[in-house]
$ cat final-v8.cif   # mmCIF, C-alpha atoms
data_data
loop_
_atom_site.group_PDB
_atom_site.id
_atom_site.type_symbol
_atom_site.label_atom_id
_atom_site.label_comp_id
_atom_site.auth_asym_id
_atom_site.auth_seq_id
_atom_site.Cartn_x
_atom_site.Cartn_y
_atom_site.Cartn_z
ATOM 1 C CA MET A 2 21.517 -20.461 -7.584
ATOM 2 C CA LEU A 3 19.277 -18.722 -10.138
ATOM 3 C CA ILE A 4 20.709 -15.363 -11.146
ATOM 4 C CA ARG A 5 19.346 -12.691 -13.438
ATOM 5 C CA LYS A 6 21.166 -13.752 -16.629
ATOM 6 C CA GLU A 7 19.857 -17.304 -16.208
ATOM 7 C CA PHE A 8 16.199 -16.266 -16.371
ATOM 8 C CA PRO A 9 14.213 -17.699 -19.298
ATOM 9 C CA ARG A 10 13.641 -15.581 -22.377
ATOM 10 C CA PRO A 11 11.292 -12.609 -21.943
ATOM 11 C CA ASP A 12 8.438 -14.376 -23.746
ATOM 12 C CA SER A 13 8.154 -16.788 -20.815
ATOM 13 C CA GLN A 14 8.684 -14.407 -17.890
ATOM 14 C CA LEU A 15 7.650 -11.097 -16.324
ATOM 15 C CA ASN A 16 8.562 -9.026 -19.384
ATOM 16 C CA VAL A 17 5.421 -10.287 -21.106
ATOM 17 C CA LEU A 18 3.276 -8.808 -18.345
ATOM 18 C CA LYS A 19 5.228 -5.570 -18.509
ATOM 19 C CA ARG A 20 4.877 -5.397 -22.292
ATOM 20 C CA TYR A 21 1.138 -5.867 -22.521
ATOM 21 C CA LEU A 22 0.532 -3.418 -19.672
ATOM 22 C CA HIS A 23 2.661 -0.918 -21.601
ATOM 23 C CA VAL A 24 0.390 -1.493 -24.597
ATOM 24 C CA LEU A 25 -2.755 -1.029 -22.516
ATOM 25 C CA ALA A 26 -1.419 2.144 -20.918
ATOM 26 C CA LEU A 27 -0.432 3.697 -24.243
ATOM 27 C CA ILE A 28 -3.766 3.036 -25.964
ATOM 28 C CA GLN A 29 -6.026 3.920 -23.009
ATOM 29 C CA ASN A 30 -6.419 7.626 -23.794
ATOM 30 C CA GLN A 31 -8.631 8.026 -26.867
ATOM 31 C CA LYS A 32 -7.722 11.735 -27.013
ATOM 32 C CA ASP A 33 -4.027 10.960 -27.487
ATOM 33 C CA SER A 34 -2.769 12.644 -30.659
ATOM 34 C CA VAL A 35 -0.682 9.573 -31.544
ATOM 35 C CA ASP A 36 -2.334 6.954 -33.748
ATOM 36 C CA TRP A 37 -1.108 3.847 -31.955
ATOM 37 C CA ASN A 38 -0.885 0.634 -33.961
ATOM 38 C CA SER A 39 1.021 -2.625 -33.685
ATOM 39 C CA GLN A 40 4.033 -1.216 -35.543
ATOM 40 C CA ASN A 41 4.709 1.918 -33.494
ATOM 41 C CA LEU A 42 3.732 0.112 -30.280
ATOM 42 C CA ALA A 43 6.376 -2.533 -31.043
ATOM 43 C CA THR A 44 8.942 0.216 -31.620
ATOM 44 C CA MET A 45 7.983 1.901 -28.354
ATOM 45 C CA LEU A 46 8.248 -1.338 -26.366
ATOM 46 C CA TYR A 47 11.673 -2.089 -27.776
ATOM 47 C CA THR A 48 13.053 1.199 -26.435
ATOM 48 C CA ASP A 49 12.476 -0.225 -22.951
ATOM 49 C CA GLU A 50 14.507 -3.392 -23.562
ATOM 50 C CA THR A 51 17.694 -4.837 -24.941
ATOM 51 C CA GLY A 52 17.811 -8.019 -26.953
ATOM 52 C CA ASP A 53 15.813 -9.367 -29.864
ATOM 53 C CA PRO A 54 13.439 -6.928 -31.632
ATOM 54 C CA ILE A 55 9.743 -6.930 -30.708
ATOM 55 C CA THR A 56 7.573 -7.631 -33.737
ATOM 56 C CA ASP A 57 4.169 -6.353 -34.816
ATOM 57 C CA LYS A 58 2.824 -9.887 -34.419
ATOM 58 C CA MET A 59 3.965 -10.037 -30.797
ATOM 59 C CA VAL A 60 2.016 -6.857 -30.052
ATOM 60 C CA ARG A 61 -1.072 -8.249 -31.766
ATOM 61 C CA ASP A 62 -0.708 -11.430 -29.701
ATOM 62 C CA TYR A 63 -0.488 -9.390 -26.492
ATOM 63 C CA ILE A 64 -3.690 -7.590 -27.427
ATOM 64 C CA ARG A 65 -5.556 -10.743 -28.430
ATOM 65 C CA ASN A 66 -4.341 -13.162 -25.746
ATOM 66 C CA SER A 67 -3.523 -10.937 -22.788
ATOM 67 C CA LEU A 68 -5.750 -7.877 -22.980
ATOM 68 C CA LYS A 69 -8.827 -9.373 -24.630
ATOM 69 C CA LYS A 70 -8.843 -12.964 -23.395
ATOM 70 C CA GLU A 71 -7.142 -12.700 -19.998
ATOM 71 C CA LEU A 72 -8.244 -9.251 -18.810
ATOM 72 C CA GLY A 73 -11.490 -9.079 -20.758
ATOM 73 C CA ILE A 74 -10.715 -5.606 -22.119
ATOM 74 C CA ASP A 75 -12.468 -4.646 -25.344
ATOM 75 C CA VAL A 76 -9.718 -3.412 -27.670
ATOM 76 C CA LYS A 77 -10.582 -1.933 -31.054
ATOM 77 C CA THR A 78 -8.386 -3.460 -33.732
ATOM 78 C CA VAL A 79 -8.879 -3.309 -37.482
ATOM 79 C CA LYS A 80 -6.537 -5.205 -39.793
ATOM 80 C CA GLY A 81 -4.471 -2.602 -41.602
ATOM 81 C CA GLY A 82 -6.078 0.135 -39.501
ATOM 82 C CA ARG A 83 -4.136 3.198 -38.417
ATOM 83 C CA ARG A 84 -5.300 3.356 -34.825
ATOM 84 C CA THR A 85 -5.658 0.831 -32.014
ATOM 85 C CA GLY A 86 -7.671 1.875 -28.972
ATOM 86 C CA LEU A 87 -10.238 0.834 -26.413
ATOM 87 C CA ASN A 88 -13.892 0.443 -27.284
ATOM 88 C CA GLN A 89 -14.855 1.330 -23.723
ATOM 89 C CA GLU A 90 -13.345 2.510 -20.456
ATOM 90 C CA ILE A 91 -11.484 -0.017 -18.337
ATOM 91 C CA ASP A 92 -13.767 -1.404 -15.628
ATOM 92 C CA ARG A 93 -13.507 0.784 -12.521
ATOM 93 C CA ASP A 94 -13.083 -2.269 -10.281
ATOM 94 C CA LEU A 95 -10.283 -3.623 -12.467
ATOM 95 C CA LEU A 96 -8.414 -0.348 -13.040
ATOM 96 C CA PRO A 97 -6.901 0.010 -9.519
ATOM 97 C CA SER A 98 -5.356 -3.459 -9.766
ATOM 98 C CA ILE A 99 -3.915 -2.749 -13.205
ATOM 99 C CA VAL A 100 -2.490 0.635 -12.176
ATOM 100 C CA SER A 101 -1.046 -0.898 -9.005
ATOM 101 C CA VAL A 102 0.810 -3.625 -10.921
ATOM 102 C CA TYR A 103 1.853 -1.328 -13.771
ATOM 103 C CA SER A 104 3.229 1.269 -11.355
ATOM 104 C CA LEU A 105 5.712 -1.337 -10.092
ATOM 105 C CA PHE A 106 7.254 -1.440 -13.572
ATOM 106 C CA VAL A 107 7.375 2.289 -14.346
ATOM 107 C CA SER A 108 7.964 4.007 -11.002
ATOM 108 C CA SER A 109 10.585 3.872 -8.285
ATOM 109 C CA ASP A 110 9.301 3.474 -4.721
ATOM 110 C CA VAL A 111 12.374 3.934 -2.554
ATOM 111 C CA SER A 112 10.456 3.422 0.693
ATOM 112 C CA ARG A 113 8.906 0.166 -0.506
ATOM 113 C CA ASP A 114 12.261 -1.042 -1.859
ATOM 114 C CA ASN A 115 13.897 -0.398 1.527
ATOM 115 C CA ILE A 116 11.097 -2.248 3.331
ATOM 116 C CA ILE A 117 11.554 -5.232 1.022
ATOM 117 C CA LYS A 118 15.312 -5.199 1.645
ATOM 118 C CA ARG A 119 14.703 -5.289 5.406
ATOM 119 C CA HIS A 120 12.246 -8.130 4.936
ATOM 120 C CA ILE A 121 14.762 -10.133 2.884
ATOM 121 C CA LYS A 122 17.517 -9.425 5.413
ATOM 122 C CA ALA A 123 15.282 -10.714 8.203
ATOM 123 C CA HIS A 124 13.934 -13.821 6.483
ATOM 124 C CA GLY A 125 16.428 -14.683 3.737
ATOM 125 C CA GLU A 126 15.476 -17.977 2.084
ATOM 126 C CA GLU A 127 12.003 -17.705 3.663
ATOM 127 C CA ALA A 128 11.329 -14.200 2.323
ATOM 128 C CA LEU A 129 8.881 -15.306 -0.379
ATOM 129 C CA TRP A 130 7.607 -18.341 1.518
ATOM 130 C CA ILE A 131 6.473 -16.444 4.613
ATOM 131 C CA LEU A 132 4.435 -14.011 2.500
ATOM 132 C CA ALA A 133 2.796 -16.831 0.547
ATOM 133 C CA ARG A 134 1.964 -18.854 3.683
ATOM 134 C CA ILE A 135 0.435 -15.851 5.439
ATOM 135 C CA TYR A 136 -1.509 -14.825 2.334
ATOM 136 C CA PHE A 137 -3.063 -18.235 1.715
ATOM 137 C CA ALA A 138 -3.703 -18.797 5.432
ATOM 138 C CA ALA A 139 -5.685 -15.553 5.403
ATOM 139 C CA ILE A 140 -7.870 -16.378 2.413
ATOM 140 C CA GLN A 141 -8.364 -20.029 3.477
ATOM 141 C CA GLY A 142 -9.050 -19.178 7.126
ATOM 142 C CA HIS A 143 -6.139 -20.860 8.933
ATOM 143 C CA PRO A 144 -4.684 -19.256 12.104
ATOM 144 C CA VAL A 145 -0.919 -18.743 12.145
ATOM 145 C CA SER A 146 1.502 -18.617 15.051
ATOM 146 C CA PHE A 147 4.963 -17.089 15.345
ATOM 147 C CA ASP A 148 7.542 -15.746 17.776
ATOM 148 C CA TYR A 149 7.710 -11.976 18.177
ATOM 149 C CA GLU A 150 9.193 -9.542 20.683
ATOM 150 C CA SER A 151 6.464 -8.081 22.869
ATOM 151 C CA ARG A 152 6.800 -4.295 22.960
ATOM 152 C CA SER A 153 5.327 -4.092 26.462
ATOM 153 C CA GLU A 154 7.143 -7.053 28.022
ATOM 154 C CA LYS A 155 10.404 -6.683 26.071
ATOM 155 C CA LYS A 156 10.718 -10.424 25.522
ATOM 156 C CA ILE A 157 10.049 -12.958 22.776
ATOM 157 C CA LYS A 158 6.538 -14.409 22.987
ATOM 158 C CA ARG A 159 4.498 -16.851 20.951
ATOM 159 C CA TYR A 160 1.457 -15.299 19.277
ATOM 160 C CA THR A 161 -1.429 -17.043 17.546
ATOM 161 C CA VAL A 162 -3.531 -14.866 15.247
ATOM 162 C CA LYS A 163 -6.190 -14.865 12.552
ATOM 163 C CA PRO A 164 -4.366 -13.356 9.536
ATOM 164 C CA TYR A 165 -6.339 -10.760 7.572
ATOM 165 C CA HIS A 166 -4.046 -8.857 5.211
ATOM 166 C CA ILE A 167 -0.414 -8.124 4.352
ATOM 167 C CA VAL A 168 -0.092 -4.345 4.181
ATOM 168 C CA PHE A 169 2.595 -1.839 3.218
ATOM 169 C CA ARG A 170 1.907 1.091 5.544
ATOM 170 C CA GLY A 171 4.085 3.964 6.653
ATOM 171 C CA ASN A 172 7.607 2.618 6.611
ATOM 172 C CA ASN A 173 6.976 -1.065 7.224
ATOM 173 C CA LEU A 174 5.400 -4.297 5.997
ATOM 174 C CA TYR A 175 2.624 -5.365 8.362
ATOM 175 C CA LEU A 176 0.460 -8.361 9.079
ATOM 176 C CA ALA A 177 -2.996 -7.058 10.009
ATOM 177 C CA CYS A 178 -4.670 -9.740 12.078
ATOM 178 C CA GLY A 179 -6.896 -10.667 14.998
ATOM 179 C CA ASN A 180 -5.075 -11.681 18.187
ATOM 180 C CA LEU A 181 -6.774 -14.897 19.373
ATOM 181 C CA GLU A 182 -5.646 -14.305 22.970
ATOM 182 C CA THR A 183 -6.960 -10.754 23.371
ATOM 183 C CA GLY A 184 -9.647 -10.708 20.682
ATOM 184 C CA LYS A 185 -8.291 -7.405 19.337
ATOM 185 C CA ASP A 186 -7.309 -6.461 15.795
ATOM 186 C CA VAL A 187 -3.586 -5.693 15.772
ATOM 187 C CA LEU A 188 -0.558 -5.147 13.523
ATOM 188 C CA PHE A 189 2.709 -7.083 13.508
ATOM 189 C CA ILE A 190 5.783 -5.969 11.554
ATOM 190 C CA ILE A 191 6.542 -8.962 9.324
ATOM 191 C CA PRO A 192 10.357 -8.405 9.189
ATOM 192 C CA LYS A 193 10.317 -8.578 13.025
ATOM 193 C CA ILE A 194 8.680 -12.001 13.109
ATOM 194 C CA GLN A 195 11.394 -14.334 14.373
ATOM 195 C CA PRO A 196 13.035 -16.356 11.555
ATOM 196 C CA CYS A 197 11.835 -19.935 11.066
ATOM 197 C CA SER A 198 9.050 -19.491 13.648
ATOM 198 C CA LEU A 199 5.930 -19.222 11.453
ATOM 199 C CA LYS A 200 3.518 -22.147 11.668
ATOM 200 C CA VAL A 201 0.151 -22.519 9.944
ATOM 201 C CA SER A 202 -2.588 -24.269 11.932
ATOM 202 C CA ASP A 203 -4.969 -26.893 10.595
ATOM 203 C CA ASP A 204 -7.783 -25.153 12.485
ATOM 204 C CA ARG A 205 -10.182 -22.877 10.604
ATOM 205 C CA PHE A 206 -11.890 -19.540 11.173
ATOM 206 C CA GLY A 207 -14.682 -17.883 9.227
ATOM 207 C CA THR A 208 -13.140 -15.750 6.491
ATOM 208 C CA GLU A 209 -16.483 -14.017 5.893
ATOM 209 C CA LEU A 210 -15.834 -12.024 9.086
ATOM 210 C CA ARG A 211 -12.394 -10.914 7.926
ATOM 211 C CA PRO A 212 -12.407 -7.075 7.925
ATOM 212 C CA SER A 213 -11.305 -5.233 4.806
ATOM 213 C CA VAL A 214 -8.131 -3.161 4.704
ATOM 214 C CA ASP A 215 -10.251 -0.018 4.329
ATOM 215 C CA ASP A 216 -12.250 -0.870 7.462
ATOM 216 C CA LEU A 217 -9.144 -1.633 9.515
ATOM 217 C CA PHE A 218 -7.406 1.621 8.594
ATOM 218 C CA SER A 219 -10.490 3.824 8.164
ATOM 219 C CA LYS A 220 -9.485 6.103 11.056
ATOM 220 C CA SER A 221 -5.731 5.620 10.929
ATOM 221 C CA LEU A 222 -3.355 8.429 10.033
ATOM 222 C CA GLY A 223 -0.309 6.186 9.988
ATOM 223 C CA ALA A 224 0.155 2.529 10.874
ATOM 224 C CA PHE A 225 -2.101 1.864 13.853
ATOM 225 C CA ILE A 226 -5.458 0.174 14.371
ATOM 226 C CA GLY A 227 -7.325 0.303 17.646
ATOM 227 C CA LYS A 228 -9.781 2.283 19.719
ATOM 228 C CA LYS A 229 -11.017 5.430 17.999
ATOM 229 C CA GLN A 230 -11.677 8.846 19.503
ATOM 230 C CA LYS A 231 -13.076 12.105 18.214
ATOM 231 C CA VAL A 232 -10.639 14.999 17.847
ATOM 232 C CA VAL A 233 -11.220 18.708 17.308
ATOM 233 C CA LEU A 234 -8.254 20.595 15.884
ATOM 234 C CA ARG A 235 -7.873 24.284 15.094
ATOM 235 C CA TYR A 236 -5.194 25.694 12.823
ATOM 236 C CA SER A 237 -4.175 28.718 10.794
ATOM 237 C CA LYS A 238 -4.387 29.263 7.059
ATOM 238 C CA THR A 239 -0.584 29.272 6.898
ATOM 239 C CA ILE A 240 -0.375 25.529 7.554
ATOM 240 C CA SER A 241 -3.743 24.461 6.129
ATOM 241 C CA HIS A 242 -2.210 22.464 3.268
ATOM 242 C CA TYR A 243 0.078 20.620 5.679
ATOM 243 C CA ILE A 244 -2.802 19.763 8.026
ATOM 244 C CA THR A 245 -4.995 18.659 5.120
ATOM 245 C CA ASP A 246 -2.313 16.246 3.948
ATOM 246 C CA ILE A 247 -2.237 14.688 7.431
ATOM 247 C CA ILE A 248 -5.948 14.318 8.161
ATOM 248 C CA ASP A 249 -7.538 14.035 4.713
ATOM 249 C CA CYS A 250 -7.552 10.226 4.846
ATOM 250 C CA VAL A 251 -9.941 10.183 7.855
ATOM 251 C CA ASP A 252 -12.638 12.334 6.184
ATOM 252 C CA PRO A 253 -12.534 15.375 8.485
ATOM 253 C CA LYS A 254 -15.361 17.896 8.752
ATOM 254 C CA ILE A 255 -13.723 21.276 8.282
ATOM 255 C CA LYS A 256 -15.325 24.651 8.889
ATOM 256 C CA ASP A 257 -14.028 28.169 8.374
ATOM 257 C CA ILE A 258 -13.714 30.007 11.702
ATOM 258 C CA SER A 259 -11.626 32.934 10.463
ATOM 259 C CA GLY A 260 -12.519 36.144 12.220
ATOM 260 C CA SER A 261 -13.358 34.414 15.508
ATOM 261 C CA GLY A 262 -9.846 34.212 16.901
ATOM 262 C CA ARG A 263 -6.243 33.416 15.957
ATOM 263 C CA PHE A 264 -7.156 30.319 13.936
ATOM 264 C CA ASP A 265 -8.796 30.091 10.517
ATOM 265 C CA PHE A 266 -10.107 26.514 10.449
ATOM 266 C CA GLU A 267 -11.564 23.909 12.773
ATOM 267 C CA ALA A 268 -11.487 20.233 11.863
ATOM 268 C CA SER A 269 -13.453 17.431 13.544
ATOM 269 C CA PHE A 270 -12.571 13.793 12.882
ATOM 270 C CA GLU A 271 -12.076 10.366 14.431
ATOM 271 C CA ILE A 272 -8.677 8.723 14.678
ATOM 272 C CA ALA A 273 -7.161 5.601 16.172
ATOM 273 C CA ASP A 274 -3.529 6.751 16.355
ATOM 274 C CA ASP A 275 -3.497 9.822 18.575
ATOM 275 C CA LEU A 276 0.257 9.683 19.224
ATOM 276 C CA TYR A 277 0.929 9.897 15.485
ATOM 277 C CA LEU A 278 -1.153 13.088 15.291
ATOM 278 C CA CYS A 279 0.832 14.647 18.141
ATOM 279 C CA LYS A 280 4.097 13.858 16.374
ATOM 280 C CA GLN A 281 2.864 15.492 13.159
ATOM 281 C CA LEU A 282 1.803 18.645 15.016
ATOM 282 C CA PHE A 283 5.177 19.172 16.717
ATOM 283 C CA THR A 284 6.430 21.301 13.847
ATOM 284 C CA CYS A 285 3.330 23.524 13.778
ATOM 285 C CA GLY A 286 4.211 25.588 16.823
ATOM 286 C CA THR A 287 1.494 28.121 17.638
ATOM 287 C CA GLN A 288 -0.200 27.592 14.269
ATOM 288 C CA ALA A 289 -2.256 24.612 15.495
ATOM 289 C CA GLU A 290 -4.005 23.550 18.693
ATOM 290 C CA ILE A 291 -5.764 20.372 19.779
ATOM 291 C CA VAL A 292 -9.064 21.535 21.264
ATOM 292 C CA SER A 293 -10.365 18.152 22.402
ATOM 293 C CA PRO A 294 -10.340 15.576 23.847
ATOM 294 C CA PRO A 295 -8.625 16.701 27.090
ATOM 295 C CA SER A 296 -6.625 13.452 27.222
ATOM 296 C CA LEU A 297 -5.020 14.241 23.860
ATOM 297 C CA ARG A 298 -4.271 17.830 24.894
ATOM 298 C CA LYS A 299 -2.549 16.390 27.961
ATOM 299 C CA MET A 300 -0.561 13.937 25.858
ATOM 300 C CA MET A 301 0.580 16.711 23.533
ATOM 301 C CA ALA A 302 1.626 18.921 26.459
ATOM 302 C CA GLU A 303 3.586 16.086 28.081
ATOM 303 C CA LYS A 304 5.426 15.260 24.870
ATOM 304 C CA LEU A 305 6.342 18.911 24.332
ATOM 305 C CA LYS A 306 7.638 19.175 27.918
ATOM 306 C CA GLU A 307 9.723 16.037 27.459
ATOM 307 C CA CYS A 308 11.303 17.445 24.315
ATOM 308 C CA LEU A 309 11.924 20.802 25.950
ATOM 309 C CA GLY A 310 13.570 19.113 28.926
ATOM 310 C CA VAL A 311 16.277 17.674 26.682
ATOM 311 C CA TYR A 312 17.346 21.139 25.559
ATOM 312 C CA GLU A 313 16.905 23.010 28.844
ATOM 313 C CA GLY A 314 19.226 20.651 30.704
#

$ encode --input "final-v8.cif" --output "structure tokens"
Amino acid sequence: MLIRKEFPRPDSQLNVLKRYLHVLALIQNQKDSVDWNSQNLATMLYTDETGDPITDKMVRDYIRNSLKKELGIDVKTVKGGRRTGLNQEIDRDLLPSIVSVYSLFVSSDVSRDNIIKRHIKAHGEEALWILARIYFAAIQGHPVSFDYESRSEKKIKRYTVKPYHIVFRGNNLYLACGNLETGKDVLFIIPKIQPCSLKVSDDRFGTELRPSVDDLFSKSLGAFIGKKQKVVLRYSKTISHYITDIIDCVDPKIKDISGSGRFDFEASFEIADDLYLCKQLFTCGTQAEIVSPPSLRKMMAEKLKECLGVYEG
């Protein structure tokens, strides 16, 4: 078994990636009052590690081989110069990927860590394999099949799907895919896929029709994709920040209606996960009201009555 202390030296493992992203992050801001150079960058990197010292040459190699050659980032370096920086801004299409990877090294995501632990508990020795097989099946256009407990039928069924994306959303790790039986785009929780049941088909589907993650979740407040409906919601100024946090991701149209009644704002938007919205509004009391559609008002009323019934009994 490979354990942490048996990993190869840092120069041949993930620490190299971490180091050169540290360098890039530190030199990105040209307005920084610190004159970064290979010497003080090496000192800074070493504070994040234990072991052999990091040399000036290693930092220069990271800049030349990793930042310039691999990432194509134009770094300003002058031999003997006092300051190392960027000659131009990092490409806007590249920056999200860099920040996403770098954030894994410098931040703690407790929710994501817990999701990964559940995934490993469910799939053990297949934990990496199942992600890789789904990922490559998606980009190569191969359907996958697996056993999964049907929420409606409460029994294990075999599903065959067109895989689109692996997505961290809400509090789970999902496979966003197209169900070949129903023709609908759906989500499956990957840790709930039955162990040792994933199979990749030799058949092919057109990957050019694979929807983007943004398209799939464009009207989703949480972790749900499906039929969309227009909602009108009114709420008071007291909870406006709370409501904004909930609905901001679906691009609501908000207008000020203060002075026309007991509410201050009215928001119109489309969503796919109406039940999620109802759950978020439970704590708002009389400070918020679903105006339309009638079906969602009815759902909200029924859920409130169910909750009340528990405490009135």

$ atom_distance --input "final-v8.cif" --atom1 "atom CA of Met301 of chain A" --atom2 "atom CA of Leu282 of chain A"
8.8 Å

$ residues_around --input "final-v8.cif" --residues "segment 109-114 of chain A" --least-positions-apart "2" --cutoff "12 Å" --atoms "all atoms listed in the file" --output "PyMOL selection string"
chain A and resi 103-107+116-121+168-174

$ closest_residue --input "final-v8.cif" --among "A:Cys178, A:Ile191, A:Cys197, A:Val76" --to "Glu90 of chain A" --atoms "only C-alpha atoms"
A:Val76

$ closest_residue --input "final-v8.cif" --among "A:Tyr136, A:Phe283, A:Phe225, A:Phe189" --to "Val201 of chain A" --atoms "only C-alpha atoms"
A:Tyr136

$ closest_residue --input "final-v8.cif" --among "A:Glu303, A:Phe266, A:Thr287, A:Thr208" --to "His242 of chain A" --atoms "all atoms listed in the file"
A:Phe266

$ closest_residue --input "final-v8.cif" --among "A:Ile226, A:Leu22, A:Ala138, A:Ala289" --to "Tyr175 of chain A" --atoms "all atoms listed in the file"
A:Ile226

$ atom_distance --input "final-v8.cif" --atom1 "atom CA of Ala123 of chain A" --atom2 "atom CA of Pro192 of chain A"
5.5 Å

$ resolve_selection --input "final-v8.cif" --expression "the PyMOL selection byres ((chain A and resi 146) around 12)" --output "PyMOL selection string"
chain A and resi 131+134-135+138+143-145+147-149+158-164+176+178-182+189+194-195+197-204

$ resolve_selection --input "final-v8.cif" --expression "the PyMOL selection byres ((chain A and resi 262-265) around 8)" --output "ChimeraX atom specification"
/A:235-238,257-261,266-267,288-289

$ atom_distance --input "final-v8.cif" --atom1 "atom CA of Ser98 of chain A" --atom2 "atom CA of Ser39 of chain A"
24.8 Å
